[in-house]
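J.: Structure file my_file.txt (compact mmCIF, C-alpha atoms) right here:
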# COMPACT_ATOMS: atom_id res chain seq x y z
CA MET J 26 -3.64 -50.90 -7.91
CA PRO J 27 -2.52 -52.08 -11.39
CA PRO J 28 0.82 -53.94 -11.61
CA ALA J 29 2.45 -51.04 -13.47
CA ALA J 30 1.39 -48.64 -10.73
CA ASN J 31 2.72 -51.02 -8.07
CA GLN J 32 6.09 -51.09 -9.82
CA TRP J 33 6.11 -47.30 -10.10
CA VAL J 34 5.45 -46.92 -6.35
CA ALA J 35 8.01 -49.62 -5.49
CA SER J 36 10.72 -47.88 -7.54
CA ARG J 37 10.14 -44.65 -5.59
CA ARG J 38 9.35 -46.18 -2.22
CA HIS J 39 12.22 -44.52 -0.34
CA LEU J 40 11.13 -41.12 -1.64
CA PHE J 41 7.46 -41.74 -0.80
CA ILE J 42 8.25 -42.83 2.76
CA ARG J 43 10.52 -39.84 3.23
CA ASN J 44 7.79 -37.52 1.91
CA LEU J 45 5.14 -39.13 4.11
CA LEU J 46 7.23 -38.51 7.22
CA LYS J 47 7.79 -34.90 6.13
CA GLU J 48 4.04 -34.47 5.53
CA PHE J 49 3.28 -35.97 8.93
CA PHE J 50 5.65 -33.53 10.65
CA GLU J 51 3.96 -30.58 8.92
CA THR J 52 0.42 -31.83 9.53
CA PHE J 53 1.05 -32.68 13.18
CA ASP J 54 2.59 -29.25 13.77
CA THR J 55 -0.38 -27.51 12.11
CA PHE J 56 -2.95 -29.43 14.15
CA SER J 57 -0.97 -28.81 17.36
CA ARG J 58 -1.27 -25.07 16.80
CA ILE J 59 -5.00 -25.36 16.05
CA TYR J 60 -5.51 -27.50 19.16
CA GLY J 61 -3.49 -25.08 21.30
CA ASN J 62 -5.66 -22.18 20.16
CA TYR J 63 -8.77 -24.21 20.90
CA ILE J 64 -7.61 -24.97 24.45
CA THR J 65 -6.82 -21.30 25.03
CA LEU J 66 -9.88 -19.73 23.41
CA GLN J 67 -12.37 -22.62 23.60
CA GLU J 68 -13.14 -21.95 19.95
CA ALA J 69 -12.05 -23.66 16.75
CA SER J 70 -11.58 -21.75 13.52
CA PHE J 71 -13.40 -23.22 10.52
CA ALA J 72 -10.91 -21.56 8.15
CA GLU J 73 -7.96 -23.28 9.88
CA ILE J 74 -9.60 -26.71 9.92
CA ASP J 75 -10.68 -26.24 6.32
CA ARG J 76 -7.08 -25.50 5.28
CA LEU J 77 -5.86 -28.53 7.24
CA VAL J 78 -8.40 -30.95 5.70
CA GLY J 79 -9.18 -29.35 2.36
CA THR J 80 -11.55 -30.60 -0.32
CA GLU J 81 -11.41 -33.02 -3.25
CA SER J 82 -10.28 -30.22 -5.56
CA ARG J 83 -8.10 -28.43 -2.99
CA LYS J 84 -6.53 -31.03 -0.75
CA GLY J 85 -5.15 -29.87 2.56
CA LEU J 86 -2.18 -31.29 4.47
CA LEU J 87 -4.24 -34.00 6.14
CA TRP J 88 -5.91 -35.09 2.91
CA GLN J 89 -2.52 -35.32 1.18
CA LEU J 90 -1.09 -37.28 4.12
CA LYS J 91 -3.96 -39.77 3.95
CA ASP J 92 -3.45 -40.20 0.20
CA SER J 93 0.30 -40.72 0.66
CA SER J 94 -0.35 -43.41 3.26
CA HIS J 95 -2.93 -45.17 1.07
CA ARG J 96 -0.51 -45.19 -1.86
CA LEU J 97 2.07 -47.01 0.24
CA TRP J 98 0.02 -49.40 2.36
CA GLN J 99 -3.63 -49.63 1.35
CA GLN J 100 -2.98 -52.90 -0.48
CA ALA J 101 0.03 -54.05 1.52
CA ASP J 102 0.15 -57.41 3.32
CA PRO J 103 -0.09 -56.86 7.10
CA LYS J 104 2.10 -59.93 7.63
CA GLU J 105 4.93 -58.17 5.80
CA GLU J 106 4.30 -54.51 6.67
CA LEU J 107 2.32 -54.49 9.91
CA HIS J 108 3.40 -51.06 11.13
CA GLY J 109 2.67 -49.47 7.76
CA CYS J 110 -0.78 -51.04 7.55
CA LEU J 111 -1.62 -49.95 11.10
CA LEU J 112 -0.38 -46.46 10.31
CA ASP J 113 -2.59 -46.31 7.22
CA TRP J 114 -5.57 -47.37 9.35
CA ALA J 115 -4.78 -44.71 11.97
CA LEU J 116 -4.39 -41.94 9.39
CA GLY J 117 -7.57 -42.99 7.60
CA SER J 118 -9.47 -42.85 10.91
CA LEU J 119 -7.89 -39.50 11.69
CA PHE J 120 -8.97 -38.08 8.34
CA HIS J 121 -12.52 -39.37 8.80
CA GLU J 122 -12.74 -37.79 12.25
CA ALA J 123 -11.34 -34.49 10.96
CA MET J 124 -13.99 -34.38 8.21
CA LYS J 125 -16.71 -34.71 10.86
CA LEU J 126 -15.01 -32.04 12.96
CA LYS J 127 -14.91 -29.69 9.98
CA GLU J 128 -18.65 -30.09 9.43
CA ASN J 129 -19.44 -29.54 13.11
CA ILE J 130 -17.29 -26.42 13.31
CA TYR J 131 -19.05 -25.06 10.23
CA MET J 132 -22.45 -25.62 11.83
CA TYR J 133 -21.31 -24.17 15.16
CA GLN J 134 -19.61 -21.10 13.72
CA TYR J 135 -22.26 -20.08 11.20
CA TYR J 136 -25.51 -21.05 12.95
CA ARG J 137 -24.75 -20.22 16.59
CA PRO J 138 -25.44 -16.46 16.10
CA LEU J 139 -28.89 -17.23 14.64
CA ALA J 140 -29.73 -19.65 17.47
CA GLU J 141 -28.64 -17.10 20.06
CA GLU J 142 -30.71 -14.38 18.41
CA MET J 143 -33.82 -16.56 18.32
CA GLY J 144 -33.28 -17.54 21.94
CA ALA J 145 -32.97 -13.91 22.98
CA ARG J 146 -36.24 -12.96 21.28
CA GLY J 147 -38.34 -15.34 23.33
CA GLY J 148 -42.06 -15.04 22.59
CA SER J 149 -44.06 -17.78 20.93
CA GLY J 150 -44.34 -19.47 17.58
CA GLY J 151 -41.74 -20.89 15.27
CA ALA J 152 -39.00 -18.49 16.31
CA SER J 153 -39.34 -19.55 19.94
CA VAL J 154 -39.30 -23.24 19.06
CA PHE J 155 -36.25 -22.78 16.88
CA GLY J 156 -34.55 -20.75 19.58
CA VAL J 157 -34.94 -23.53 22.15
CA GLU J 158 -34.09 -26.40 19.82
CA GLY J 159 -31.37 -24.43 18.08
CA SER J 160 -29.67 -23.63 21.36
CA ARG J 161 -29.73 -27.27 22.37
CA PHE J 162 -28.31 -28.27 18.99
CA ILE J 163 -25.51 -25.70 19.22
CA GLU J 164 -24.63 -26.79 22.77
CA ARG J 165 -24.54 -30.43 21.68
CA THR J 166 -22.40 -29.56 18.66
CA GLY J 167 -19.99 -27.62 20.87
CA ARG J 168 -19.55 -30.68 23.11
CA GLU J 169 -18.99 -32.88 20.07
CA ILE J 170 -16.29 -30.50 18.80
CA GLY J 171 -14.44 -30.84 22.09
CA LYS J 172 -14.64 -34.64 21.98
CA GLN J 173 -13.52 -34.71 18.35
CA MET J 174 -10.55 -32.47 19.10
CA GLU J 175 -9.50 -34.90 21.84
CA SER J 176 -10.06 -37.87 19.55
CA ILE J 177 -7.99 -36.37 16.72
CA GLY J 178 -5.21 -35.55 19.17
CA ALA J 179 -5.21 -39.17 20.39
CA LEU J 180 -5.16 -40.48 16.81
CA PHE J 181 -2.20 -38.23 15.98
CA GLY J 182 -0.44 -39.64 19.01
CA ARG J 183 -1.14 -43.19 17.85
CA ALA J 184 0.09 -42.43 14.33
CA ASN J 185 3.20 -40.78 15.74
CA TYR J 186 3.91 -43.89 17.83
CA LEU J 187 3.48 -46.16 14.80
CA LEU J 188 5.80 -43.98 12.72
CA ARG J 189 8.44 -44.27 15.42
CA LEU J 190 8.10 -48.05 15.41
CA MET J 191 8.49 -48.09 11.63
CA VAL J 192 11.57 -45.85 11.38
CA PRO J 193 14.15 -48.51 12.41
CA GLU J 194 12.85 -50.66 9.55
CA GLN J 195 14.00 -47.94 7.12
CA ALA J 196 17.73 -48.12 7.83
CA ASP J 197 18.51 -48.43 4.11
CA ASN J 198 16.47 -45.33 3.20
CA HIS J 199 19.12 -42.64 2.66
CA LEU J 200 16.49 -39.97 1.96
CA LEU J 201 14.84 -40.66 5.30
CA ALA J 202 18.20 -40.44 7.08
CA ARG J 203 18.68 -37.00 5.53
CA LEU J 204 15.24 -35.87 6.65
CA LEU J 205 15.84 -37.03 10.22
CA VAL J 206 19.07 -35.02 10.36
CA GLU J 207 17.31 -31.95 8.95
CA GLU J 208 14.34 -32.29 11.33
CA GLU J 209 16.38 -33.06 14.44
CA GLU J 210 14.39 -30.70 16.66
CA LEU J 211 11.09 -32.25 15.59
CA VAL J 212 12.46 -35.72 16.28
CA ALA J 213 13.19 -34.59 19.84
CA THR J 214 9.75 -32.99 20.17
CA LEU J 215 7.70 -35.87 18.75
CA TRP J 216 9.69 -38.84 20.03
CA GLY J 217 11.50 -37.43 23.04
CA GLU J 218 14.95 -38.58 22.00
CA SER J 219 18.07 -37.31 20.29
CA ILE J 220 18.95 -38.09 16.70
CA GLU J 221 21.98 -39.99 18.02
CA ALA J 222 19.74 -42.26 20.10
CA LEU J 223 17.44 -42.85 17.13
CA PHE J 224 20.33 -43.74 14.84
CA ALA J 225 21.74 -46.06 17.53
CA GLU J 226 18.52 -48.06 17.28
CA MET J 227 18.41 -47.94 13.48
CA TYR J 228 22.07 -48.97 13.15
CA PRO J 229 22.84 -50.90 16.38
CA LEU J 230 26.28 -52.12 15.30
CA LEU J 231 27.51 -48.80 13.89
CA PRO J 232 25.42 -45.92 15.30
CA GLU J 233 27.41 -43.38 13.28
CA SER J 234 26.04 -45.01 10.12
CA GLY J 235 22.94 -42.81 10.16
CA PHE J 236 25.00 -39.69 9.68
CA CYS J 237 27.22 -41.44 7.12
CA THR J 238 24.15 -42.59 5.19
CA ALA J 239 22.87 -39.02 5.10
CA GLY J 240 26.33 -37.76 4.15
CA ARG J 241 26.66 -40.14 1.20
CA SER J 242 23.23 -39.10 -0.03
CA TYR J 243 24.15 -35.43 0.20
CA LEU J 244 27.36 -36.10 -1.70
CA ALA J 245 25.48 -37.91 -4.47
CA ASP J 246 23.35 -34.81 -4.98
CA GLN J 247 26.30 -32.42 -4.51
CA TRP J 248 25.04 -30.93 -1.26
CA HIS J 249 28.66 -30.61 -0.11
CA GLU J 250 28.10 -28.34 2.85
CA ARG J 251 25.46 -30.62 4.31
CA ALA J 252 27.59 -33.68 3.58
CA HIS J 253 30.48 -32.10 5.45
CA HIS J 254 28.24 -31.43 8.46
CA ALA J 255 26.83 -34.99 8.42
CA PHE J 256 30.26 -36.61 8.38
CA GLN J 257 31.39 -34.34 11.20
CA ARG J 258 28.40 -35.54 13.21
CA ALA J 259 29.41 -39.14 12.44
CA LEU J 260 32.88 -38.47 13.87
CA ALA J 261 31.29 -36.97 16.98
CA VAL J 262 29.60 -40.35 17.53
CA ASN J 263 32.67 -42.41 16.63
CA SER J 264 35.97 -40.57 16.23
CA GLN J 265 37.44 -43.66 14.54
CA CYS J 266 34.85 -43.80 11.75
CA GLU J 267 36.95 -44.42 8.65
CA GLU J 268 34.21 -43.52 6.18
CA ALA J 269 33.63 -40.12 7.74
CA GLN J 270 37.35 -39.44 7.93
CA ARG J 271 37.81 -40.39 4.26
CA HIS J 272 34.98 -38.22 2.98
CA LEU J 273 35.98 -35.24 5.10
CA PHE J 274 39.54 -35.54 3.76
CA GLN J 275 38.18 -35.56 0.20
CA LEU J 276 35.94 -32.56 0.84
CA ARG J 277 38.79 -30.58 2.37
CA ALA J 278 41.08 -31.53 -0.53
CA MET J 279 38.47 -30.21 -2.96
CA LEU J 280 38.29 -26.98 -1.00
CA ASP J 281 42.10 -26.63 -0.94
CA ALA J 282 42.17 -27.18 -4.70
CA GLY J 283 39.75 -24.32 -5.19
CA GLN J 284 36.75 -26.46 -6.13
CA PRO J 285 33.32 -25.44 -4.77
CA ALA J 286 33.18 -28.19 -2.14
CA MET J 287 30.82 -26.16 0.03
CA SER J 288 28.35 -25.34 -2.71
CA THR J 289 24.65 -25.05 -2.08
CA ALA J 290 22.22 -27.59 -3.49
CA PRO J 291 21.91 -27.67 -7.28
CA ALA J 292 18.57 -27.87 -9.06
CA ARG J 293 19.14 -31.56 -9.78
CA ALA J 294 19.05 -32.46 -6.09
CA ALA J 295 15.79 -30.59 -5.57
CA ALA J 296 14.28 -32.29 -8.58
CA ASN J 297 15.21 -35.71 -7.21
CA LEU J 298 13.16 -35.09 -4.06
CA SER J 299 10.14 -33.57 -5.76
CA SER J 300 9.74 -35.87 -8.77
CA VAL J 301 7.17 -38.60 -8.10
Step by step, read the file and then write its structure as structure tokens.

T.:
Amino acid sequence: MPPAANQWVASRRHLFIRNLLKEFFETFDTFSRIYGNYITLQEASFAEIDRLVGTESRKGLLWQLKDSSHRLWQQADPKEELHGCLLDWALGSLFHEAMKLKENIYMYQYYRPLAEEMGARGGSGGASVFGVEGSRFIERTGREIGKQMESIGALFGRANYLLRLMVPEQADNHLLARLLVEEEELVATLWGESIEALFAEMYPLLPESGFCTAGRSYLADQWHERAHHAFQRALAVNSQCEEAQRHLFQLRAMLDAGQPAMSTAPARAAANLSSV
């Protein structure tokens, strides 16, 4: 990556890491639904896998996630960013496996009817040979699909574990703190812990700091309602938190003065998160 590009990525690193975590949540959730349907029906939909993976001209969630990871860690030094480099490796492997799965599902879905028809005809000649060999091929492909589904699930689990290891290293990332608050239920689902427990690890001396970090970020972008909620959560962790008390006092004073302290997010805040 050229030096100018490196500087551009570095200047937006907090945003890119926040976006990568958001993309991972969405991609993991999508694959979980596909995998659940496969377990129930013993069939995988090519259309669903195709939307998940995508193509060069129409990148799906998984393709975008792989690109986001490469942008952050493909040229990083493992001595300095071990968890990120390992995550990039895991996501690259996951993408490669999903591409193979997509091809196998295509073959299985579109050629199985022909193989079954040729097998049912019996007789002799080319049709009979194709029927026997085609049936064997389809059976083998079906077994490979099952193994690849299991492999992709395991790789998602590995990537999820590496993300969890990396999160405490991002204590200064205010955008990530906001995302974790907003995706609290997913944090519990993926990592089996509360947001309070996660913040206690990220900020061991002041566990309420995670909520305060999110609150300050919301205030900077004028998300007053969300800031108010974040600082309330900080007080729930530590009722003596002076920062939370101060900001809540200011927000209430604004409300008493008739200012729109509980306004919804302005366009500027949305632009800050989407501009890359």

J.: May I have the residues within 12 Å of stretch 159-171 of chain J as a compact mmCIF listing (two decimals) with C-alpha atoms, keeping the file's coordinate frame, using all atoms listed in the file and disregarding those fewer than 4 positions away in the same chain?

T.:
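Now in part_4.txt:
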# COMPACT_ATOMS: atom_id res chain seq x y z
CA TYR J 60 -5.51 -27.50 19.16
CA TYR J 63 -8.77 -24.21 20.90
CA ILE J 64 -7.61 -24.97 24.45
CA GLN J 67 -12.37 -22.62 23.60
CA GLU J 68 -13.14 -21.95 19.95
CA ALA J 69 -12.05 -23.66 16.75
CA SER J 70 -11.58 -21.75 13.52
CA PHE J 71 -13.40 -23.22 10.52
CA ILE J 74 -9.60 -26.71 9.92
CA GLU J 122 -12.74 -37.79 12.25
CA ALA J 123 -11.34 -34.49 10.96
CA MET J 124 -13.99 -34.38 8.21
CA LYS J 125 -16.71 -34.71 10.86
CA LEU J 126 -15.01 -32.04 12.96
CA LYS J 127 -14.91 -29.69 9.98
CA GLU J 128 -18.65 -30.09 9.43
CA ASN J 129 -19.44 -29.54 13.11
CA ILE J 130 -17.29 -26.42 13.31
CA TYR J 131 -19.05 -25.06 10.23
CA MET J 132 -22.45 -25.62 11.83
CA TYR J 133 -21.31 -24.17 15.16
CA GLN J 134 -19.61 -21.10 13.72
CA TYR J 135 -22.26 -20.08 11.20
CA TYR J 136 -25.51 -21.05 12.95
CA ARG J 137 -24.75 -20.22 16.59
CA PRO J 138 -25.44 -16.46 16.10
CA LEU J 139 -28.89 -17.23 14.64
CA ALA J 140 -29.73 -19.65 17.47
CA GLU J 141 -28.64 -17.10 20.06
CA GLU J 142 -30.71 -14.38 18.41
CA MET J 143 -33.82 -16.56 18.32
CA GLY J 144 -33.28 -17.54 21.94
CA ALA J 145 -32.97 -13.91 22.98
CA GLY J 151 -41.74 -20.89 15.27
CA ALA J 152 -39.00 -18.49 16.31
CA SER J 153 -39.34 -19.55 19.94
CA VAL J 154 -39.30 -23.24 19.06
CA PHE J 155 -36.25 -22.78 16.88
CA GLU J 175 -9.50 -34.90 21.84
CA SER J 176 -10.06 -37.87 19.55
CA ILE J 177 -7.99 -36.37 16.72
CA GLY J 178 -5.21 -35.55 19.17

J.: Tell me, in Å to one decimal, how far atom CA of J:Leu190 is from atom CA of J:His108.

T.: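 A separation of 7.0 Å between them.
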
J.: Of the candidates J:Arg271, J:Lys91, J:Arg96, J:Arg183, which one gets nearest to J:Val34 if we count all atoms listed in the file?

T.: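 Result for the nearest residue to J:Val34: J:Arg96.
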
J.: Which one is closest to J:Arg189: J:Gly79, J:Gln270, J:Leu112, J:Gln275? Count all atoms listed in the file.

T.: J:Leu112

J.: Looking at J:Leu230, J:Ala261, J:Leu116, J:Ala225, which one is nearest to J:Leu45, with distances taken over all atoms listed in the file?

T.: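 Closest to J:Leu45, using all atoms listed in the file: J:Leu116.
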